[in-house]
file start.pdb (PDB, C-alpha atoms)
ATOM      1  CA  MET M 184      -1.616 -22.418   3.332
ATOM      2  CA  THR M 185      -4.643 -21.769   5.541
ATOM      3  CA  THR M 186      -4.209 -19.139   8.267
ATOM      4  CA  THR M 187      -5.995 -19.634  11.563
ATOM      5  CA  LEU M 188      -7.216 -16.835  13.803
ATOM      6  CA  THR M 189      -4.788 -17.956  16.517
ATOM      7  CA  ASP M 190      -1.854 -17.747  14.082
ATOM      8  CA  ALA M 191      -2.925 -14.347  12.750
ATOM      9  CA  TRP M 192      -3.339 -12.929  16.248
ATOM     10  CA  ALA M 193       0.056 -14.310  17.326
ATOM     11  CA  ARG M 194       1.640 -12.398  14.424
ATOM     12  CA  VAL M 195      -0.181  -9.229  15.469
ATOM     13  CA  ARG M 196       0.985  -9.560  19.079
ATOM     14  CA  ALA M 197       4.575 -10.253  18.063
ATOM     15  CA  ALA M 198       4.671  -7.150  15.838
ATOM     16  CA  LEU M 199       3.056  -4.972  18.509
ATOM     17  CA  ASP M 200       5.474  -6.171  21.181
ATOM     18  CA  ALA M 201       8.413  -5.411  18.886
ATOM     19  CA  HIS M 202       7.335  -2.078  17.416
ATOM     20  CA  ALA M 203       4.354  -0.658  19.342
ATOM     21  CA  PRO M 204       4.630  -1.659  23.017
ATOM     22  CA  SER M 205       2.379   1.193  24.152
ATOM     23  CA  THR M 206      -0.403  -0.150  21.955
ATOM     24  CA  ALA M 207       0.379  -3.732  23.008
ATOM     25  CA  ARG M 208      -0.248  -2.780  26.635
ATOM     26  CA  THR M 209      -3.839  -1.759  25.832
ATOM     27  CA  VAL M 210      -4.795  -5.337  24.899
ATOM     28  CA  ARG M 211      -6.973  -6.954  27.548
ATOM     29  CA  THR M 212      -6.929 -10.527  28.760
ATOM     30  CA  SER M 213      -9.424 -13.016  27.366
ATOM     31  CA  ALA M 214     -13.134 -13.140  28.110
ATOM     32  CA  THR M 215     -14.678 -16.240  29.649
ATOM     33  CA  MET M 216     -17.236 -18.542  28.076
ATOM     34  CA  ASP M 217     -19.698 -17.494  30.785
ATOM     35  CA  ASP M 218     -19.211 -13.829  29.796
ATOM     36  CA  ILE M 219     -19.723 -14.697  26.129
ATOM     37  CA  SER M 220     -22.854 -16.735  26.869
ATOM     38  CA  GLU M 221     -24.316 -13.840  28.843
ATOM     39  CA  ALA M 222     -23.595 -11.391  25.996
ATOM     40  CA  GLN M 223     -25.208 -13.718  23.459
ATOM     41  CA  SER M 224     -28.293 -13.907  25.654
ATOM     42  CA  VAL M 225     -28.493 -10.110  25.959
ATOM     43  CA  MET M 226     -28.074  -9.686  22.188
ATOM     44  CA  GLY M 227     -30.415 -12.550  21.303
ATOM     45  CA  GLN M 228     -28.051 -14.450  19.033
ATOM     46  CA  THR M 229     -25.247 -16.981  18.826
ATOM     47  CA  PHE M 230     -22.037 -15.310  17.681
ATOM     48  CA  PRO M 231     -20.112 -16.623  14.678
ATOM     49  CA  ASP M 232     -17.295 -18.923  15.810
ATOM     50  CA  ALA M 233     -14.600 -16.368  14.926
ATOM     51  CA  VAL M 234     -16.168 -13.687  17.131
ATOM     52  CA  ARG M 235     -16.241 -16.095  20.045
ATOM     53  CA  ASP M 236     -12.676 -17.250  19.322
ATOM     54  CA  GLN M 237     -11.409 -13.658  19.176
ATOM     55  CA  LEU M 238     -12.968 -12.899  22.565
ATOM     56  CA  LEU M 239     -11.277 -15.999  23.979
ATOM     57  CA  LEU M 240      -7.955 -14.615  22.730
ATOM     58  CA  PHE M 241      -8.500 -11.087  24.093
ATOM     59  CA  ASP M 242     -11.466  -9.098  25.383
ATOM     60  CA  GLY M 243     -10.892  -5.999  23.259
ATOM     61  CA  VAL M 244      -8.453  -3.233  24.138
ATOM     62  CA  GLU M 245      -8.577  -0.261  26.488
ATOM     63  CA  PRO M 246     -10.823   2.396  24.875
ATOM     64  CA  ASN M 247      -8.046   4.919  24.325
ATOM     65  CA  PRO M 248      -8.374   6.782  20.988
ATOM     66  CA  VAL M 249      -4.596   7.384  20.914
ATOM     67  CA  THR M 250      -3.016   4.092  21.907
ATOM     68  CA  GLY M 251      -5.877   1.683  21.265
ATOM     69  CA  VAL M 252      -6.463   2.124  17.525
ATOM     70  CA  LEU M 253      -5.508  -1.380  16.501
ATOM     71  CA  LEU M 254      -7.871  -1.762  13.544
ATOM     72  CA  PRO M 255      -7.439   0.443  10.457
ATOM     73  CA  PRO M 256      -8.039   3.212   9.943
ATOM     74  CA  LEU M 257      -9.384   4.463  13.302
ATOM     75  CA  TYR M 258     -11.122   1.592  15.082
ATOM     76  CA  ILE M 259     -10.603   0.403  18.652
ATOM     77  CA  PRO M 260     -11.371  -3.333  19.097
ATOM     78  CA  VAL M 261     -14.201  -3.596  21.608
ATOM     79  CA  GLY M 262     -14.626  -6.039  24.449
ATOM     80  CA  LEU M 263     -17.839  -7.710  25.505
ATOM     81  CA  HIS M 264     -19.099  -4.912  27.736
ATOM     82  CA  ARG M 265     -18.744  -2.218  25.093
ATOM     83  CA  MET M 266     -19.980  -4.588  22.374
ATOM     84  CA  GLN M 267     -23.265  -4.991  24.232
ATOM     85  CA  MET M 268     -23.531  -1.280  24.998
ATOM     86  CA  LEU M 269     -22.967  -0.290  21.363
ATOM     87  CA  TRP M 270     -25.413  -2.925  20.125
ATOM     88  CA  GLN M 271     -28.105  -1.763  22.551
ATOM     89  CA  ARG M 272     -27.515   1.894  21.694
ATOM     90  CA  LYS M 273     -27.701   1.268  17.939
ATOM     91  CA  ARG M 274     -30.782  -0.894  18.257
ATOM     92  CA  ALA M 275     -32.540   1.722  20.372
ATOM     93  CA  ALA M 276     -31.841   4.347  17.696
ATOM     94  CA  SER M 277     -32.984   2.127  14.797
ATOM     95  CA  VAL M 278     -36.344   1.625  13.212
ATOM     96  CA  THR M 279     -37.097  -2.100  13.303
ATOM     97  CA  PRO M 280     -36.377  -3.430   9.789
ATOM     98  CA  ALA M 281     -39.087  -5.182   7.804
ATOM     99  CA  SER M 282     -39.399  -8.893   8.375
ATOM    100  CA  GLY M 283     -39.896 -11.592   5.776
ATOM    101  CA  GLU M 284     -37.841 -11.895   2.609
ATOM    102  CA  ASP M 285     -36.418  -8.384   2.625
ATOM    103  CA  ALA M 286     -32.793  -8.316   1.391
ATOM    104  CA  VAL M 287     -31.803  -6.640   4.661
ATOM    105  CA  ASP M 288     -32.035 -10.098   6.303
ATOM    106  CA  ILE M 289     -29.290 -11.610   4.105
ATOM    107  CA  ALA M 290     -25.626 -11.391   5.084
ATOM    108  CA  GLY M 291     -23.668  -8.876   3.018
ATOM    109  CA  GLU M 292     -26.746  -7.070   1.708
ATOM    110  CA  PRO M 293     -27.193  -3.313   2.263
ATOM    111  CA  CYS M 294     -29.087  -2.180   5.333
ATOM    112  CA  ARG M 295     -29.646   1.390   6.457
ATOM    113  CA  GLU M 296     -30.942   0.524   9.911
ATOM    114  CA  PHE M 297     -28.764  -1.317  12.419
ATOM    115  CA  HIS M 298     -29.833  -4.938  12.059
ATOM    116  CA  PRO M 299     -30.035  -6.951  15.331
ATOM    117  CA  LEU M 300     -27.691  -9.570  13.839
ATOM    118  CA  LEU M 301     -24.781  -7.147  13.415
ATOM    119  CA  VAL M 302     -22.092  -7.646  16.084
ATOM    120  CA  PRO M 303     -19.882  -4.608  16.877
ATOM    121  CA  ILE M 304     -16.171  -5.461  17.029
ATOM    122  CA  GLY M 305     -14.561  -2.050  16.362
ATOM    123  CA  ASP M 306     -15.468   1.482  17.472
ATOM    124  CA  ASP M 307     -14.073   4.776  16.153
ATOM    125  CA  THR M 308     -15.765   6.612  19.103
ATOM    126  CA  THR M 309     -17.722   8.912  16.741
ATOM    127  CA  GLY M 310     -20.554   6.498  15.946
ATOM    128  CA  ASP M 311     -19.031   4.519  13.073
ATOM    129  CA  LEU M 312     -18.325   0.848  13.690
ATOM    130  CA  LEU M 313     -16.760  -2.300  12.357
ATOM    131  CA  VAL M 314     -19.325  -5.079  12.684
ATOM    132  CA  VAL M 315     -19.437  -8.790  11.981
ATOM    133  CA  ASP M 316     -22.451  -9.729   9.887
ATOM    134  CA  ASN M 317     -24.317 -12.510  11.667
ATOM    135  CA  ARG M 318     -27.256 -12.534   9.267
ATOM    136  CA  PRO M 319     -27.757 -15.853   7.439
ATOM    137  CA  GLY M 320     -26.212 -16.403   4.031
ATOM    138  CA  GLU M 321     -22.911 -17.111   2.299
ATOM    139  CA  LEU M 322     -21.331 -13.930   3.689
ATOM    140  CA  ARG M 323     -22.213 -14.669   7.318
ATOM    141  CA  GLY M 324     -19.172 -13.815   9.430
ATOM    142  CA  SER M 325     -17.857 -11.098   7.108
ATOM    143  CA  VAL M 326     -16.651  -7.772   8.513
ATOM    144  CA  LEU M 327     -18.536  -4.644   7.446
ATOM    145  CA  THR M 328     -17.985  -0.934   7.930
ATOM    146  CA  TRP M 329     -21.079   0.564   9.548
ATOM    147  CA  SER M 330     -21.652   4.310   9.097
ATOM    148  CA  LYS M 331     -23.826   6.214  11.553
ATOM    149  CA  ALA M 332     -25.008   8.355   8.633
ATOM    150  CA  ASP M 333     -25.553   5.753   5.906
ATOM    151  CA  GLY M 334     -25.620   2.300   7.490
ATOM    152  CA  PHE M 335     -23.944  -0.357   5.348
ATOM    153  CA  PHE M 336     -23.718  -0.264   1.561
ATOM    154  CA  GLY M 337     -21.172  -1.791  -0.775
ATOM    155  CA  ALA M 338     -19.078  -4.869  -0.108
ATOM    156  CA  PRO M 339     -17.694  -6.347   3.136
ATOM    157  CA  THR M 340     -14.281  -4.997   4.068
ATOM    158  CA  TRP M 341     -13.026  -8.471   5.010
ATOM    159  CA  ARG M 342     -14.569 -11.853   4.332
ATOM    160  CA  SER M 343     -13.922 -13.003   7.883
ATOM    161  CA  VAL M 344     -12.449 -11.995  11.222
ATOM    162  CA  THR M 345      -9.494 -14.264  10.502
ATOM    163  CA  GLU M 346      -8.873 -12.540   7.164
ATOM    164  CA  MET M 347      -9.044  -9.155   8.920
ATOM    165  CA  TRP M 348      -6.395 -10.013  11.497
ATOM    166  CA  ALA M 349      -4.141 -11.685   8.898
ATOM    167  CA  ASP M 350      -4.397  -8.481   6.849
ATOM    168  CA  VAL M 351      -3.535  -6.372   9.904
ATOM    169  CA  ALA M 352      -0.626  -8.683  10.745
ATOM    170  CA  SER M 353       0.869  -8.269   7.260
ATOM    171  CA  ALA M 354       0.588  -4.499   7.568
ATOM    172  CA  LEU M 355       2.307  -4.501  10.972
ATOM    173  CA  GLU M 356       5.098  -6.739   9.709
ATOM    174  CA  THR M 357       5.857  -4.302   6.876
ATOM    175  CA  GLY M 358       5.239  -1.122   8.883
ATOM    176  CA  SER M 359       7.689   1.754   9.265
ATOM    177  CA  ALA M 360       8.876   4.054  12.024
ATOM    178  CA  GLN M 361       7.185   7.446  11.906
ATOM    179  CA  GLY M 362       9.081   9.802   9.604
ATOM    180  CA  ALA M 363      11.217   7.050   8.086
ATOM    181  CA  GLU M 364      11.120   5.852   4.529
ATOM    182  CA  TYR M 365       9.696   2.391   3.948
ATOM    183  CA  GLU M 366      12.464  -0.041   3.037
ATOM    184  CA  ASP M 367      10.018  -1.967   0.875
ATOM    185  CA  ASP M 368       6.498  -1.334  -0.271
ATOM    186  CA  PRO M 369       4.283  -1.561   2.822
ATOM    187  CA  HIS M 370       1.380  -3.950   2.922
ATOM    188  CA  MET M 371      -1.816  -1.981   2.412
ATOM    189  CA  THR M 372      -4.830  -3.335   4.254
ATOM    190  CA  ARG M 373      -8.061  -4.046   2.423
ATOM    191  CA  ASN M 374      -9.265  -0.565   3.363
ATOM    192  CA  GLY M 375      -6.076   1.128   2.127
ATOM    193  CA  CYS M 376      -3.988   1.677   5.265
ATOM    194  CA  ALA M 377      -0.300   1.225   6.085
ATOM    195  CA  ALA M 378       1.089   0.771   9.592
ATOM    196  CA  VAL M 379       3.301   3.447  11.176
ATOM    197  CA  PHE M 380       5.002   3.175  14.578
ATOM    198  CA  THR M 381       5.664   6.324  16.606
ATOM    199  CA  ALA M 382       8.705   6.988  18.792
ATOM    200  CA  ASP M 383       6.394   6.495  21.785
ATOM    201  CA  GLY M 384       5.618   2.955  20.708
ATOM    202  CA  ILE M 385       2.120   3.643  19.410
ATOM    203  CA  LEU M 386       0.579   2.101  16.300
ATOM    204  CA  GLU M 387      -0.911   4.590  13.857
ATOM    205  CA  TRP M 388      -2.519   4.035  10.468
ATOM    206  CA  GLU M 389      -1.560   6.052   7.401
ATOM    207  CA  PHE M 390      -4.359   6.330   4.851
TER     208      PHE M 390
END
call {"tool": "encode", "arguments": {"input": "start.pdb", "output": "structure tokens"}}
result
Amino acid sequence: MTTTLTDAWARVRAALDAHAPSTARTVRTSATMDDISEAQSVMGQTFPDAVRDQLLLFDGVEPNPVTGVLLPPLYIPVGLHRMQMLWQRKRAASVTPASGEDAVDIAGEPCREFHPLLVPIGDDTTGDLLVVDNRPGELRGSVLTWSKADGFFGAPTWRSVTEMWADVASALETGSAQGAEYEDDPHMTRNGCAAVFTADGILEWEF
């Protein structure tokens, strides 16, 4: 059965409302197509469909490092304004990568410098990011972990934004109250995290 982004996000919202209402309240309303078009113009690219569709579902969450960590292990989903700011900041700090047939221009391939076709979607507030790879190739649209120290090396964390949110939804649906024993084995996300809900209604990730 194919999961859509809308279905995956609905599962996430239902689990947050039930078990982590403080985190649920950090989720912002949707962006507009005009906002998205302006961001694409600033960043010089057309976003993958799933990035656009996510922004039309919600425009990130409030940048609170306690209540807003919705993406494992420590990432806050960013809205359009912060997406552009992070992209501009990373580009300003990067050496322009070589052009031509360098592997850095292929989706999923390693790149030490921040490529202009990486789209920030998650921020840990220390300089590390989750990004969607918008470079051309079979892995276009995959979600990568970007390190401020090392760039990107290895394999994508998730093959798509939809896969990422379906993974998060499964973890939330099998999560446990803080300090309680799991009734069943929790779902571990692709990056090895299990969901925990505090008494204050906050989502945390155990890793």
call {"tool": "closest_residue", "arguments": {"input": "start.pdb", "among": "M:Ser325, M:Thr215, M:Ser205, M:Thr309", "to": "Ala382 of chain M", "atoms": "all atoms listed in the file"}}
result
M:Ser205
call {"tool": "closest_residue", "arguments": {"input": "start.pdb", "among": "M:Val302, M:Met216, M:Ala198, M:Ala332", "to": "Met268 of chain M", "atoms": "all atoms listed in the file"}}
result
M:Val302
call {"tool": "closest_atom_pairs", "arguments": {"input": "start.pdb", "of": "segment 221-338 of chain M", "to": "segment 370-374 of chain M", "cutoff": "12 Å", "atoms": "all atoms listed in the file", "output": "JSON lines"}}
result
{"residue": "M:Leu254", "atom": "CA", "partner": "M:Thr372", "partner_atom": "CA", "distance": 9.9}
{"residue": "M:Pro255", "atom": "CA", "partner": "M:Asn374", "partner_atom": "CA", "distance": 7.4}
{"residue": "M:Pro256", "atom": "CA", "partner": "M:Asn374", "partner_atom": "CA", "distance": 7.7}
{"residue": "M:Leu257", "atom": "CA", "partner": "M:Asn374", "partner_atom": "CA", "distance": 11.1}
{"residue": "M:Leu313", "atom": "CA", "partner": "M:Asn374", "partner_atom": "CA", "distance": 11.8}
{"residue": "M:Val326", "atom": "CA", "partner": "M:Arg373", "partner_atom": "CA", "distance": 11.2}
{"residue": "M:Leu327", "atom": "CA", "partner": "M:Asn374", "partner_atom": "CA", "distance": 10.9}
{"residue": "M:Thr328", "atom": "CA", "partner": "M:Asn374", "partner_atom": "CA", "distance": 9.9}
{"residue": "M:Ala338", "atom": "CA", "partner": "M:Asn374", "partner_atom": "CA", "distance": 11.3}
call {"tool": "residues_around", "arguments": {"input": "start.pdb", "residues": "Ala193 of chain M", "least_positions_apart": "6", "cutoff": "10 Å", "atoms": "only C-alpha atoms", "output": "list in words"}}
result
Thr187, Leu199, Leu240, Trp348, Ala349 and Ala352 of chain M
call {"tool": "atom_distance", "arguments": {"input": "start.pdb", "atom1": "atom CA of Arg295 of chain M", "atom2": "atom CA of Gly375 of chain M"}}
result
24.0 Å
call {"tool": "residues_near_point", "arguments": {"input": "start.pdb", "point": "(4.6, -4.0, 20.1)", "cutoff": "12 Å", "atoms": "only C-alpha atoms", "output": "mmCIF file with C-alpha atoms, in the frame of the given file"}}
result
data_model
loop_
_atom_site.group_PDB
_atom_site.id
_atom_site.type_symbol
_atom_site.label_atom_id
_atom_site.label_comp_id
_atom_site.auth_asym_id
_atom_site.auth_seq_id
_atom_site.Cartn_x
_atom_site.Cartn_y
_atom_site.Cartn_z
ATOM 1 C CA ALA M 193 0.056 -14.310 17.326
ATOM 2 C CA ARG M 194 1.640 -12.398 14.424
ATOM 3 C CA VAL M 195 -0.181 -9.229 15.469
ATOM 4 C CA ARG M 196 0.985 -9.560 19.079
ATOM 5 C CA ALA M 197 4.575 -10.253 18.063
ATOM 6 C CA ALA M 198 4.671 -7.150 15.838
ATOM 7 C CA LEU M 199 3.056 -4.972 18.509
ATOM 8 C CA ASP M 200 5.474 -6.171 21.181
ATOM 9 C CA ALA M 201 8.413 -5.411 18.886
ATOM 10 C CA HIS M 202 7.335 -2.078 17.416
ATOM 11 C CA ALA M 203 4.354 -0.658 19.342
ATOM 12 C CA PRO M 204 4.630 -1.659 23.017
ATOM 13 C CA SER M 205 2.379 1.193 24.152
ATOM 14 C CA THR M 206 -0.403 -0.150 21.955
ATOM 15 C CA ALA M 207 0.379 -3.732 23.008
ATOM 16 C CA ARG M 208 -0.248 -2.780 26.635
ATOM 17 C CA THR M 209 -3.839 -1.759 25.832
ATOM 18 C CA VAL M 210 -4.795 -5.337 24.899
ATOM 19 C CA THR M 250 -3.016 4.092 21.907
ATOM 20 C CA GLY M 251 -5.877 1.683 21.265
ATOM 21 C CA LEU M 253 -5.508 -1.380 16.501
ATOM 22 C CA ALA M 352 -0.626 -8.683 10.745
ATOM 23 C CA LEU M 355 2.307 -4.501 10.972
ATOM 24 C CA GLU M 356 5.098 -6.739 9.709
ATOM 25 C CA GLY M 358 5.239 -1.122 8.883
ATOM 26 C CA VAL M 379 3.301 3.447 11.176
ATOM 27 C CA PHE M 380 5.002 3.175 14.578
ATOM 28 C CA THR M 381 5.664 6.324 16.606
ATOM 29 C CA ALA M 382 8.705 6.988 18.792
ATOM 30 C CA ASP M 383 6.394 6.495 21.785
ATOM 31 C CA GLY M 384 5.618 2.955 20.708
ATOM 32 C CA ILE M 385 2.120 3.643 19.410
ATOM 33 C CA LEU M 386 0.579 2.101 16.300
ATOM 34 C CA GLU M 387 -0.911 4.590 13.857
#
call {"tool": "atom_distance", "arguments": {"input": "start.pdb", "atom1": "atom CA of Gln271 of chain M", "atom2": "atom CA of Phe297 of chain M"}}
result
10.2 Å
call {"tool": "atom_distance", "arguments": {"input": "start.pdb", "atom1": "atom CA of Glu292 of chain M", "atom2": "atom CA of Leu322 of chain M"}}
result
9.0 Å
call {"tool": "closest_residue", "arguments": {"input": "start.pdb", "among": "M:Arg342, M:Arg265, M:Arg235, M:Arg323", "to": "Pro303 of chain M", "atoms": "only C-alpha atoms"}}
result
M:Arg265
call {"tool": "residues_around", "arguments": {"input": "start.pdb", "residues": "Gln237 of chain M", "least_positions_apart": "3", "cutoff": "10 Å", "atoms": "all atoms listed in the file", "output": "MDAnalysis selection string"}}
result
chainID M and resid 188:189 192 213:214 232:234 240:243 262 304 344:345 348
call {"tool": "closest_residue", "arguments": {"input": "start.pdb", "among": "M:Val244, M:Leu300, M:Leu312, M:Val249", "to": "Phe230 of chain M", "atoms": "all atoms listed in the file"}}
result
M:Leu300
call {"tool": "closest_residue", "arguments": {"input": "start.pdb", "among": "M:Leu269, M:Val287, M:Val225, M:Asn247", "to": "Arg318 of chain M", "atoms": "all atoms listed in the file"}}
result
M:Val287
